[in-house]
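Pasting data-v3.cif here (mmCIF, C-alpha atoms and all ligand atoms):
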data_start
#
loop_
_atom_site.group_PDB
_atom_site.id
_atom_site.type_symbol
_atom_site.label_atom_id
_atom_site.label_comp_id
_atom_site.auth_asym_id
_atom_site.auth_seq_id
_atom_site.Cartn_x
_atom_site.Cartn_y
_atom_site.Cartn_z
ATOM 1 C CA MET A 1 30.367 -46.323 -33.925
ATOM 2 C CA PRO A 2 33.135 -45.470 -36.417
ATOM 3 C CA VAL A 3 36.614 -46.784 -35.559
ATOM 4 C CA LEU A 4 38.914 -43.916 -34.624
ATOM 5 C CA CYS A 5 42.353 -43.449 -36.196
ATOM 6 C CA GLY A 6 45.029 -45.292 -34.210
ATOM 7 C CA LYS A 7 47.411 -42.289 -34.468
ATOM 8 C CA CYS A 8 45.451 -39.046 -33.994
ATOM 9 C CA HIS A 9 42.523 -40.715 -32.126
ATOM 10 C CA SER A 10 40.175 -38.020 -33.465
ATOM 11 C CA ALA A 11 39.285 -38.687 -37.139
ATOM 12 C CA SER A 12 37.598 -41.858 -38.415
ATOM 13 C CA ALA A 13 39.926 -44.631 -39.542
ATOM 14 C CA GLU A 14 39.600 -45.459 -43.260
ATOM 15 C CA VAL A 15 42.700 -47.534 -43.979
ATOM 16 C CA HIS A 16 43.677 -50.734 -42.255
ATOM 17 C CA ILE A 17 47.377 -51.657 -42.433
ATOM 18 C CA PRO A 18 47.405 -55.328 -41.379
ATOM 19 C CA TYR A 19 51.194 -55.762 -41.161
ATOM 20 C CA ALA A 20 51.467 -52.710 -38.868
ATOM 21 C CA LYS A 21 48.249 -53.605 -36.986
ATOM 22 C CA LEU A 22 47.072 -50.018 -37.538
ATOM 23 C CA SER A 23 43.867 -48.370 -38.704
ATOM 24 C CA LEU A 24 44.435 -44.815 -39.868
ATOM 25 C CA CYS A 25 42.553 -41.744 -41.063
ATOM 26 C CA PRO A 26 43.571 -40.401 -44.509
ATOM 27 C CA LYS A 27 45.846 -37.672 -43.100
ATOM 28 C CA CYS A 28 47.699 -40.032 -40.747
ATOM 29 C CA PHE A 29 47.974 -42.595 -43.558
ATOM 30 C CA LEU A 30 49.727 -40.003 -45.772
ATOM 31 C CA ASP A 31 52.196 -39.266 -42.926
ATOM 32 C CA PHE A 32 52.695 -43.000 -42.293
ATOM 33 C CA TYR A 33 53.422 -43.583 -46.005
ATOM 34 C CA VAL A 34 55.991 -40.768 -46.251
ATOM 35 C CA ARG A 35 57.727 -42.075 -43.103
ATOM 36 C CA ARG A 36 57.840 -45.603 -44.624
ATOM 37 C CA VAL A 37 59.496 -44.249 -47.794
ATOM 38 C CA LYS A 38 61.978 -42.253 -45.720
ATOM 39 C CA GLY A 39 62.663 -45.318 -43.564
ATOM 40 C CA ALA A 40 63.539 -47.449 -46.625
ATOM 41 C CA VAL A 41 65.794 -44.695 -48.045
ATOM 42 C CA GLU A 42 67.660 -44.490 -44.740
ATOM 43 C CA ASP A 43 67.778 -48.220 -43.878
ATOM 44 C CA PHE A 44 69.250 -49.116 -47.267
ATOM 45 C CA GLY A 45 71.391 -45.940 -47.629
ATOM 46 C CA MET A 46 69.769 -45.109 -50.981
ATOM 47 C CA PHE A 47 71.060 -41.550 -51.386
ATOM 48 C CA LYS A 48 72.633 -38.598 -49.590
ATOM 49 C CA GLU A 49 70.815 -35.311 -49.195
ATOM 50 C CA ASP A 50 73.238 -33.571 -51.605
ATOM 51 C CA ASP A 51 72.750 -36.137 -54.404
ATOM 52 C CA VAL A 52 70.713 -35.289 -57.505
ATOM 53 C CA VAL A 53 67.907 -37.864 -57.515
ATOM 54 C CA GLY A 54 66.106 -38.678 -60.760
ATOM 55 C CA VAL A 55 62.688 -40.318 -60.457
ATOM 56 C CA ALA A 56 61.590 -42.489 -63.384
ATOM 57 C CA VAL A 57 57.935 -41.485 -63.757
ATOM 58 C CA SER A 58 55.663 -43.446 -66.076
ATOM 59 C CA GLY A 59 52.395 -41.687 -65.247
ATOM 60 C CA GLY A 60 51.294 -44.690 -63.152
ATOM 61 C CA LYS A 61 50.352 -44.568 -59.468
ATOM 62 C CA ASP A 62 53.587 -46.114 -58.110
ATOM 63 C CA SER A 63 56.070 -43.669 -59.594
ATOM 64 C CA ALA A 64 53.649 -40.735 -59.081
ATOM 65 C CA ALA A 65 53.371 -41.616 -55.361
ATOM 66 C CA LEU A 66 57.160 -42.002 -55.167
ATOM 67 C CA LEU A 67 57.896 -38.560 -56.632
ATOM 68 C CA HIS A 68 55.278 -36.911 -54.436
ATOM 69 C CA ALA A 69 56.441 -38.676 -51.241
ATOM 70 C CA LEU A 70 60.115 -37.870 -51.888
ATOM 71 C CA ARG A 71 59.199 -34.171 -52.221
ATOM 72 C CA GLN A 72 57.372 -34.340 -48.872
ATOM 73 C CA ALA A 73 60.098 -36.335 -47.110
ATOM 74 C CA TYR A 74 63.048 -34.320 -48.476
ATOM 75 C CA PRO A 75 61.885 -30.798 -49.414
ATOM 76 C CA ASN A 76 65.470 -29.615 -49.985
ATOM 77 C CA LEU A 77 66.595 -32.579 -52.093
ATOM 78 C CA LYS A 78 67.361 -31.849 -55.759
ATOM 79 C CA VAL A 79 64.854 -34.084 -57.545
ATOM 80 C CA VAL A 80 64.228 -34.270 -61.287
ATOM 81 C CA ALA A 81 61.560 -36.321 -63.053
ATOM 82 C CA LEU A 82 62.401 -38.482 -66.078
ATOM 83 C CA HIS A 83 59.723 -39.732 -68.469
ATOM 84 C CA VAL A 84 59.788 -41.915 -71.571
ATOM 85 C CA ASN A 85 57.012 -41.370 -74.112
ATOM 86 C CA LEU A 86 56.600 -44.817 -75.704
ATOM 87 C CA GLY A 87 54.547 -43.669 -78.692
ATOM 88 C CA ILE A 88 51.631 -45.983 -77.833
ATOM 89 C CA PRO A 89 48.560 -44.385 -79.467
ATOM 90 C CA LYS A 90 46.337 -42.521 -76.925
ATOM 91 C CA TYR A 91 48.008 -44.183 -73.915
ATOM 92 C CA SER A 92 51.391 -42.438 -74.128
ATOM 93 C CA ALA A 93 49.942 -38.940 -74.631
ATOM 94 C CA HIS A 94 47.669 -39.522 -71.617
ATOM 95 C CA CYS A 95 50.619 -40.694 -69.452
ATOM 96 C CA GLN A 96 52.765 -37.720 -70.421
ATOM 97 C CA ALA A 97 49.921 -35.291 -69.675
ATOM 98 C CA LYS A 98 49.589 -36.794 -66.147
ATOM 99 C CA VAL A 99 53.342 -36.564 -65.580
ATOM 100 C CA GLU A 100 53.324 -32.920 -66.698
ATOM 101 C CA GLU A 101 50.432 -32.168 -64.325
ATOM 102 C CA LEU A 102 52.255 -33.839 -61.414
ATOM 103 C CA THR A 103 55.633 -32.186 -62.008
ATOM 104 C CA LYS A 104 53.994 -28.780 -62.406
ATOM 105 C CA MET A 105 52.105 -29.281 -59.142
ATOM 106 C CA LEU A 106 55.327 -30.269 -57.322
ATOM 107 C CA ASP A 107 57.527 -27.726 -59.144
ATOM 108 C CA VAL A 108 59.905 -30.471 -60.308
ATOM 109 C CA GLU A 109 62.021 -30.244 -63.473
ATOM 110 C CA LEU A 110 60.892 -32.778 -66.103
ATOM 111 C CA HIS A 111 63.032 -34.437 -68.799
ATOM 112 C CA VAL A 112 61.102 -36.319 -71.505
ATOM 113 C CA PHE A 113 62.468 -38.740 -74.105
ATOM 114 C CA ASN A 114 59.991 -39.347 -76.925
ATOM 115 C CA ILE A 115 60.937 -42.534 -78.769
ATOM 116 C CA VAL A 116 58.995 -41.529 -81.895
ATOM 117 C CA LYS A 117 60.933 -38.275 -82.212
ATOM 118 C CA GLU A 118 64.299 -39.593 -81.028
ATOM 119 C CA LEU A 119 64.366 -43.142 -82.431
ATOM 120 C CA GLY A 120 61.689 -43.099 -85.138
ATOM 121 C CA ILE A 121 59.858 -46.085 -83.619
ATOM 122 C CA ARG A 122 56.813 -46.791 -81.418
ATOM 123 C CA ILE A 123 56.522 -49.586 -78.843
ATOM 124 C CA SER A 124 53.489 -50.776 -80.830
ATOM 125 C CA ASP A 125 55.844 -51.470 -83.778
ATOM 126 C CA PHE A 126 57.314 -54.448 -81.862
ATOM 127 C CA ARG A 127 54.114 -56.287 -82.841
ATOM 128 C CA LYS A 128 55.610 -56.480 -86.331
ATOM 129 C CA THR A 129 58.671 -58.375 -85.016
ATOM 130 C CA VAL A 130 59.409 -61.637 -83.170
ATOM 131 C CA PHE A 131 58.360 -59.704 -80.036
ATOM 132 C CA ARG A 132 54.722 -59.647 -81.202
ATOM 133 C CA LYS A 133 53.625 -61.688 -78.184
ATOM 134 C CA LYS A 134 56.231 -60.208 -75.848
ATOM 135 C CA VAL A 135 55.838 -56.468 -76.399
ATOM 136 C CA CYS A 136 56.373 -55.841 -72.664
ATOM 137 C CA SER A 137 59.720 -57.591 -72.715
ATOM 138 C CA ALA A 138 60.990 -55.357 -75.545
ATOM 139 C CA CYS A 139 59.391 -52.319 -73.890
ATOM 140 C CA GLY A 140 61.223 -53.085 -70.626
ATOM 141 C CA THR A 141 64.583 -53.178 -72.426
ATOM 142 C CA VAL A 142 63.858 -49.874 -74.191
ATOM 143 C CA LYS A 143 62.725 -48.148 -70.968
ATOM 144 C CA ARG A 144 65.726 -49.349 -68.921
ATOM 145 C CA HIS A 145 68.148 -48.054 -71.530
ATOM 146 C CA VAL A 146 66.398 -44.725 -72.113
ATOM 147 C CA PHE A 147 66.067 -43.999 -68.371
ATOM 148 C CA GLU A 148 69.819 -44.622 -67.941
ATOM 149 C CA ASP A 149 70.480 -42.253 -70.847
ATOM 150 C CA LEU A 150 68.081 -39.572 -69.566
ATOM 151 C CA ALA A 151 69.600 -39.843 -66.071
ATOM 152 C CA ARG A 152 73.121 -39.419 -67.421
ATOM 153 C CA LYS A 153 72.185 -36.380 -69.512
ATOM 154 C CA ALA A 154 70.297 -34.774 -66.592
ATOM 155 C CA GLY A 155 73.333 -35.137 -64.264
ATOM 156 C CA VAL A 156 71.496 -37.578 -61.986
ATOM 157 C CA ASP A 157 73.536 -39.404 -59.299
ATOM 158 C CA VAL A 158 70.783 -41.770 -58.177
ATOM 159 C CA LEU A 159 67.897 -43.078 -60.280
ATOM 160 C CA ALA A 160 64.813 -43.997 -58.207
ATOM 161 C CA THR A 161 62.158 -46.303 -59.629
ATOM 162 C CA GLY A 162 58.638 -47.065 -58.384
ATOM 163 C CA HIS A 163 59.030 -50.872 -58.023
ATOM 164 C CA ASN A 164 56.664 -51.823 -55.219
ATOM 165 C CA LEU A 165 56.559 -54.727 -52.773
ATOM 166 C CA ASP A 166 54.154 -56.739 -54.964
ATOM 167 C CA ASP A 167 56.372 -56.309 -58.078
ATOM 168 C CA VAL A 168 59.591 -57.175 -56.302
ATOM 169 C CA ALA A 169 58.250 -60.090 -54.229
ATOM 170 C CA GLY A 170 56.511 -61.484 -57.358
ATOM 171 C CA VAL A 171 59.605 -61.288 -59.549
ATOM 172 C CA MET A 172 61.796 -62.689 -56.744
ATOM 173 C CA PHE A 173 59.462 -65.632 -56.403
ATOM 174 C CA ASN A 174 59.491 -66.265 -60.140
ATOM 175 C CA ASN A 175 63.256 -65.993 -60.505
ATOM 176 C CA PHE A 176 63.660 -68.382 -57.593
ATOM 177 C CA PHE A 177 61.450 -71.039 -59.239
ATOM 178 C CA TYR A 178 63.215 -70.695 -62.580
ATOM 179 C CA GLY A 179 66.679 -70.576 -60.941
ATOM 180 C CA ARG A 180 67.476 -67.188 -62.511
ATOM 181 C CA TRP A 181 69.989 -66.284 -59.803
ATOM 182 C CA ASP A 182 71.623 -63.434 -61.717
ATOM 183 C CA GLN A 183 68.238 -61.737 -62.131
ATOM 184 C CA LEU A 184 67.315 -62.358 -58.505
ATOM 185 C CA VAL A 185 70.457 -60.494 -57.436
ATOM 186 C CA ARG A 186 69.365 -57.510 -59.559
ATOM 187 C CA LEU A 187 66.301 -57.026 -57.325
ATOM 188 C CA LYS A 188 68.409 -55.521 -54.546
ATOM 189 C CA PRO A 189 67.081 -52.197 -53.215
ATOM 190 C CA VAL A 190 70.317 -50.449 -54.262
ATOM 191 C CA LEU A 191 72.244 -51.298 -57.448
ATOM 192 C CA PRO A 192 75.631 -49.729 -58.186
ATOM 193 C CA PRO A 193 76.148 -47.738 -61.433
ATOM 194 C CA LEU A 194 76.682 -49.788 -64.632
ATOM 195 C CA ALA A 195 79.912 -47.863 -65.235
ATOM 196 C CA GLU A 196 81.497 -44.536 -64.399
ATOM 197 C CA GLY A 197 79.212 -41.629 -65.290
ATOM 198 C CA PHE A 198 76.034 -43.688 -64.802
ATOM 199 C CA ALA A 199 73.587 -43.395 -61.891
ATOM 200 C CA SER A 200 73.091 -45.946 -59.125
ATOM 201 C CA LYS A 201 69.548 -47.353 -59.003
ATOM 202 C CA VAL A 202 67.288 -47.495 -55.967
ATOM 203 C CA LYS A 203 63.796 -48.790 -55.114
ATOM 204 C CA PRO A 204 62.407 -46.648 -52.246
ATOM 205 C CA LEU A 205 58.949 -48.336 -52.473
ATOM 206 C CA ILE A 206 60.328 -51.853 -52.033
ATOM 207 C CA ARG A 207 58.423 -52.292 -48.734
ATOM 208 C CA ILE A 208 55.196 -50.616 -49.887
ATOM 209 C CA SER A 209 52.324 -52.482 -51.523
ATOM 210 C CA GLU A 210 50.612 -51.501 -54.753
ATOM 211 C CA ASN A 211 47.414 -50.838 -52.835
ATOM 212 C CA GLU A 212 49.152 -48.429 -50.444
ATOM 213 C CA ASN A 213 50.514 -46.521 -53.475
ATOM 214 C CA LEU A 214 47.010 -46.268 -54.889
ATOM 215 C CA LEU A 215 45.603 -45.001 -51.568
ATOM 216 C CA TYR A 216 48.431 -42.473 -51.257
ATOM 217 C CA CYS A 217 47.563 -41.059 -54.707
ATOM 218 C CA LEU A 218 43.837 -40.984 -53.979
ATOM 219 C CA TYR A 219 44.083 -39.393 -50.528
ATOM 220 C CA GLY A 220 46.922 -37.064 -51.531
ATOM 221 C CA ASP A 221 45.265 -35.872 -54.795
ATOM 222 C CA VAL A 222 48.293 -37.085 -56.730
ATOM 223 C CA PRO A 223 47.547 -37.195 -60.492
ATOM 224 C CA PHE A 224 48.154 -40.557 -62.181
ATOM 225 C CA ARG A 225 47.009 -42.297 -65.352
ATOM 226 C CA GLU A 226 43.415 -43.450 -65.664
ATOM 227 C CA ILE A 227 43.752 -45.798 -68.636
ATOM 228 C CA ASP A 228 45.697 -49.054 -69.038
ATOM 229 C CA CYS A 229 48.336 -49.814 -71.604
ATOM 230 C CA PRO A 230 46.718 -51.885 -74.388
ATOM 231 C CA TYR A 231 49.492 -54.503 -73.977
ATOM 232 C CA SER A 232 49.175 -54.981 -70.207
ATOM 233 C CA SER A 233 46.559 -57.755 -70.098
ATOM 234 C CA GLY A 234 47.730 -61.306 -69.498
ATOM 235 C CA THR A 235 51.327 -60.365 -68.730
ATOM 236 C CA GLY A 236 53.399 -62.508 -66.385
ATOM 237 C CA VAL A 237 53.326 -59.669 -63.864
ATOM 238 C CA ARG A 238 49.564 -59.975 -63.510
ATOM 239 C CA LYS A 239 49.671 -63.773 -63.166
ATOM 240 C CA ARG A 240 52.370 -63.574 -60.482
ATOM 241 C CA ALA A 241 50.301 -60.985 -58.626
ATOM 242 C CA GLU A 242 47.385 -63.442 -58.534
ATOM 243 C CA ILE A 243 49.539 -66.247 -57.106
ATOM 244 C CA LEU A 244 50.914 -63.941 -54.416
ATOM 245 C CA GLU A 245 47.398 -62.741 -53.646
ATOM 246 C CA ILE A 246 46.271 -66.320 -52.968
ATOM 247 C CA LEU A 247 49.283 -67.038 -50.770
ATOM 248 C CA SER A 248 48.789 -63.767 -48.860
ATOM 249 C CA ARG A 249 45.105 -64.348 -48.077
ATOM 250 C CA ASP A 250 45.644 -65.854 -44.647
ATOM 251 C CA ASN A 251 48.959 -64.171 -43.955
ATOM 252 C CA PRO A 252 49.192 -60.376 -44.364
ATOM 253 C CA TYR A 253 52.956 -60.551 -43.833
ATOM 254 C CA PHE A 254 53.546 -62.991 -46.693
ATOM 255 C CA ARG A 255 54.990 -60.511 -49.230
ATOM 256 C CA HIS A 256 57.163 -58.876 -46.570
ATOM 257 C CA GLN A 257 58.419 -62.319 -45.559
ATOM 258 C CA VAL A 258 59.253 -63.195 -49.179
ATOM 259 C CA LEU A 259 61.111 -59.896 -49.537
ATOM 260 C CA ASN A 260 63.011 -60.226 -46.263
ATOM 261 C CA ARG A 261 64.098 -63.844 -46.877
ATOM 262 C CA PHE A 262 65.340 -63.005 -50.384
ATOM 263 C CA LEU A 263 67.164 -59.913 -49.152
ATOM 264 C CA GLU A 264 69.003 -62.208 -46.712
ATOM 265 C CA LEU A 265 69.792 -64.621 -49.526
ATOM 266 C CA ILE A 266 71.088 -62.089 -52.071
ATOM 267 C CA PRO A 267 74.495 -61.368 -50.414
ATOM 268 C CA LEU A 268 75.157 -65.144 -50.359
ATOM 269 C CA LEU A 269 74.110 -65.481 -54.015
ATOM 270 C CA GLU A 270 76.329 -62.564 -55.040
ATOM 271 C CA ASN A 271 79.380 -64.590 -54.041
ATOM 272 C CA VAL A 272 78.498 -67.426 -56.398
ATOM 273 C CA VAL A 273 76.746 -65.717 -59.334
ATOM 274 C CA SER A 274 79.284 -64.786 -61.994
ATOM 275 C CA LYS A 275 78.946 -61.284 -63.406
ATOM 276 C CA PRO A 276 79.305 -61.040 -67.201
ATOM 277 C CA ALA A 277 82.320 -59.043 -68.389
ATOM 278 C CA LEU A 278 81.080 -55.755 -69.856
ATOM 279 C CA VAL A 279 82.281 -54.232 -73.117
ATOM 280 C CA LYS A 280 81.126 -51.051 -74.883
ATOM 281 C CA CYS A 281 78.175 -51.494 -77.242
ATOM 282 C CA GLN A 282 79.493 -50.854 -80.773
ATOM 283 C CA VAL A 283 76.407 -48.795 -81.628
ATOM 284 C CA CYS A 284 75.534 -46.687 -78.552
ATOM 285 C CA GLY A 285 78.641 -47.055 -76.362
ATOM 286 C CA PHE A 286 76.672 -48.285 -73.320
ATOM 287 C CA PRO A 287 78.138 -51.053 -71.137
ATOM 288 C CA SER A 288 76.986 -54.373 -72.600
ATOM 289 C CA SER A 289 77.625 -58.090 -72.215
ATOM 290 C CA SER A 290 77.820 -58.459 -76.023
ATOM 291 C CA ASP A 291 79.216 -56.378 -78.920
ATOM 292 C CA VAL A 292 75.794 -54.825 -79.571
ATOM 293 C CA CYS A 293 73.552 -54.219 -76.538
ATOM 294 C CA ALA A 294 70.012 -55.597 -76.207
ATOM 295 C CA PHE A 295 68.500 -52.129 -76.722
ATOM 296 C CA CYS A 296 70.328 -51.477 -80.017
ATOM 297 C CA LYS A 297 69.460 -54.990 -81.251
ATOM 298 C CA ARG A 298 65.767 -54.412 -80.583
ATOM 299 C CA VAL A 299 65.702 -50.946 -82.151
ATOM 300 C CA ALA A 300 67.429 -52.354 -85.270
ATOM 301 C CA LEU A 301 64.868 -55.163 -85.417
ATOM 302 C CA VAL A 302 61.926 -52.754 -85.402
ATOM 303 C CA LYS A 303 63.535 -50.460 -87.961
ATOM 304 C CA LYS A 304 64.069 -53.451 -90.259
ATOM 305 C CA ALA A 305 60.427 -54.486 -89.850
ATOM 306 C CA LEU A 306 59.375 -50.909 -90.694
ATOM 307 C CA GLY A 307 61.644 -50.863 -93.730
ATOM 308 C CA LYS A 308 63.791 -48.128 -92.121
ATOM 309 C CA GLY A 309 66.800 -50.359 -91.319
HETATM 310 FE FE1 LIG A 401 55.353 -51.265 -71.907
HETATM 311 FE FE2 LIG A 401 54.013 -53.541 -71.412
HETATM 312 FE FE3 LIG A 401 54.002 -51.563 -69.624
HETATM 313 FE FE4 LIG A 401 52.675 -51.296 -71.899
HETATM 314 S S1 LIG A 401 52.239 -52.798 -70.268
HETATM 315 S S2 LIG A 401 53.992 -49.751 -70.958
HETATM 316 S S3 LIG A 401 54.032 -52.368 -73.318
HETATM 317 S S4 LIG A 401 55.791 -52.765 -70.280
HETATM 318 ZN ZN ZN A 402 73.717 -50.181 -77.683
#
Any chance you could give the structure as structure tokens?
Amino acid sequence: MPVLCGKCHSASAEVHIPYAKLSLCPKCFLDFYVRRVKGAVEDFGMFKEDDVVGVAVSGGKDSAALLHALRQAYPNLKVVALHVNLGIPKYSAHCQAKVEELTKMLDVELHVFNIVKELGIRISDFRKTVFRKKVCSACGTVKRHVFEDLARKAGVDVLATGHNLDDVAGVMFNNFFYGRWDQLVRLKPVLPPLAEGFASKVKPLIRISENENLLYCLYGDVPFREIDCPYSSGTGVRKRAEILEILSRDNPYFRHQVLNRFLELIPLLENVVSKPALVKCQVCGFPSSSDVCAFCKRVALVKKALGKG
């Protein structure tokens, strides 16, 4: 006898949500997911219905599910999609094609920043620099900066990213062990703008697991990338995910517990963690803790390695 969905009691249940003690059919799972996203937006006061919300879409399942769910939850919200083409051979063209398919399907305006065209570099070029074994670290700096820039140019008030429960709980855990309190504080669900004219940043998927995002895309026919970035294997993110997986085996609430305890801790930490004084980057004018920001330093490094500096 198939197990019936715990919501509609008519279709067969296909998804078990251990932390909610629910087994759901695909349709009820999609509704459950959208309500969870809406619940996080409202509980943390992420945006108002008259804000312009920019969604940073990479082509991956998390940000694709986020954009799709926000359209379902808030049909009248002004949403724009922001994408960075990283110039990684094959991979980046594939990601952009998926993002274009998704935004067309949802009728959402798309703003693309192509780093080859705009900056004359590719993420792959970091292999020719001291970042050769830490391409993801340099890539993260480039993406954060470019998304801020795209958001500002697109008139975005709030920038939403697809960070999921596994990402956030994993990074929280890691920062805790290494005593990186300033970085732990930055994992809050809502971050204020860097300076006037910049967007605030929000993480509407902070309570949703990677697996739920994948199921949402599969059941909801949401297009997302089918190939992996050539630099993704062996990253710290993957190793942290494995540790959390082991700790979660006997306790389905483990990641939620990690998240909730750290969210309680962050306001206390904010009182003791000193914030660096920000100045304007001498090259790009962005707020920075040093004369030249991390993004401009990394771009200069690559250009030098390419003989373009
Ligand atoms: Fe960038 Fe690393 Fe992600 Fe590839 S895996 S897109 S290099 S952060
Ligand atoms: Zn700069």
- Item | Protein and nucleic residues near ligand LIG 401 (chain A), 7 Å, only C-alpha atoms and all ligand atoms, as a list of chain:residue names |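 Result of the 7 Å neighbour search around ligand LIG 401 (chain A): A:Ile123, A:Val135, A:Cys136, A:Ser137, A:Cys139, A:Gly140, A:Cys229, A:Pro230, A:Tyr231, A:Ser232.
Taken over the whole file, the PyMOL selection byres (((chain A and resi 49) around 12) and not hetatm) covers exactly Lys38, Val41, Glu42, Gly45, Met46, Phe47, Lys48, Asp50, Asp51, Val52, Val53, Leu70, Ala73, Tyr74, Pro75, Asn76, Leu77, Lys78, Val79, Asp157 and Val158 of chain A.
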- Message: Report, in Å to a single decimal, how far apart atom CA of Pro193 of chain A and atom CA of Leu205 of chain A are.
- Response: 19.4 Å
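In this structure, atom CA of Leu278 of chain A sits 20.9 Å away from atom CA of Ala138 of chain A.
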Determine the residue membership of the PyMOL selection byres (((not hetatm)) within 9 of (chain A and resi 402)) for the file above and supply it as a tab-separated table (two decimals) with C-alpha atoms, keeping the file's coordinate frame.
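Result file follows (result.tsv):
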chain	number	residue	atom	x	y	z
A	145	HIS	CA	68.15	-48.05	-71.53
A	280	LYS	CA	81.13	-51.05	-74.88
A	281	CYS	CA	78.18	-51.49	-77.24
A	282	GLN	CA	79.49	-50.85	-80.77
A	283	VAL	CA	76.41	-48.80	-81.63
A	284	CYS	CA	75.53	-46.69	-78.55
A	285	GLY	CA	78.64	-47.06	-76.36
A	286	PHE	CA	76.67	-48.28	-73.32
A	287	PRO	CA	78.14	-51.05	-71.14
A	288	SER	CA	76.99	-54.37	-72.60
A	291	ASP	CA	79.22	-56.38	-78.92
A	292	VAL	CA	75.79	-54.82	-79.57
A	293	CYS	CA	73.55	-54.22	-76.54
A	294	ALA	CA	70.01	-55.60	-76.21
A	295	PHE	CA	68.50	-52.13	-76.72
A	296	CYS	CA	70.33	-51.48	-80.02
A	297	LYS	CA	69.46	-54.99	-81.25
- Message: Here's the selection I'm unsure about, the PyMOL selection byres (((chain A and resi 182-186) around 10) and not hetatm); applied to the file above, which residues does it give, as a list in words?
- Response: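 The output of the PyMOL selection byres (((chain A and resi 182-186) around 10) and not hetatm) on this file is Val168, Val171, Met172, Phe173, Asn174, Asn175, Phe176, Gly179, Arg180, Trp181, Leu187, Lys188, Pro189, Val190, Leu191, Phe262, Leu263, Leu265, Ile266, Pro267, Leu268, Leu269, Glu270, Val272, Val273, Ser274, Lys275 and Pro276 of chain A.
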Return segment 193-197 of chain A, completed with all heavy atoms, as a short mmCIF file (atom, residue, chain, number, x, y, z; two decimals), in the frame of the given file.
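After the write, out.cif holds the following:
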data_model
loop_
_atom_site.label_atom_id
_atom_site.label_comp_id
_atom_site.auth_asym_id
_atom_site.auth_seq_id
_atom_site.Cartn_x
_atom_site.Cartn_y
_atom_site.Cartn_z
N PRO A 193 76.20 -48.19 -60.03
CA PRO A 193 76.15 -47.74 -61.43
C PRO A 193 76.71 -48.80 -62.37
O PRO A 193 77.61 -49.55 -61.99
CB PRO A 193 77.05 -46.49 -61.44
CG PRO A 193 77.28 -46.13 -60.02
CD PRO A 193 77.02 -47.32 -59.18
N LEU A 194 76.19 -48.85 -63.61
CA LEU A 194 76.68 -49.79 -64.63
C LEU A 194 78.15 -49.54 -64.93
O LEU A 194 78.92 -50.46 -65.18
CB LEU A 194 75.92 -49.55 -65.95
CG LEU A 194 74.53 -50.11 -66.09
CD1 LEU A 194 73.94 -49.70 -67.44
CD2 LEU A 194 74.58 -51.64 -65.99
N ALA A 195 78.53 -48.27 -64.94
CA ALA A 195 79.91 -47.86 -65.24
C ALA A 195 80.05 -46.42 -64.75
O ALA A 195 79.07 -45.80 -64.35
CB ALA A 195 80.17 -47.94 -66.74
N GLU A 196 81.27 -45.91 -64.84
CA GLU A 196 81.50 -44.54 -64.40
C GLU A 196 80.63 -43.57 -65.22
O GLU A 196 80.48 -43.77 -66.44
CB GLU A 196 82.98 -44.19 -64.59
CG GLU A 196 83.42 -43.19 -63.55
CD GLU A 196 84.86 -42.78 -63.74
OE1 GLU A 196 85.69 -43.70 -63.89
OE2 GLU A 196 85.09 -41.57 -63.73
N GLY A 197 80.05 -42.60 -64.57
CA GLY A 197 79.21 -41.63 -65.29
C GLY A 197 77.74 -42.02 -65.31
O GLY A 197 76.90 -41.24 -65.74
#
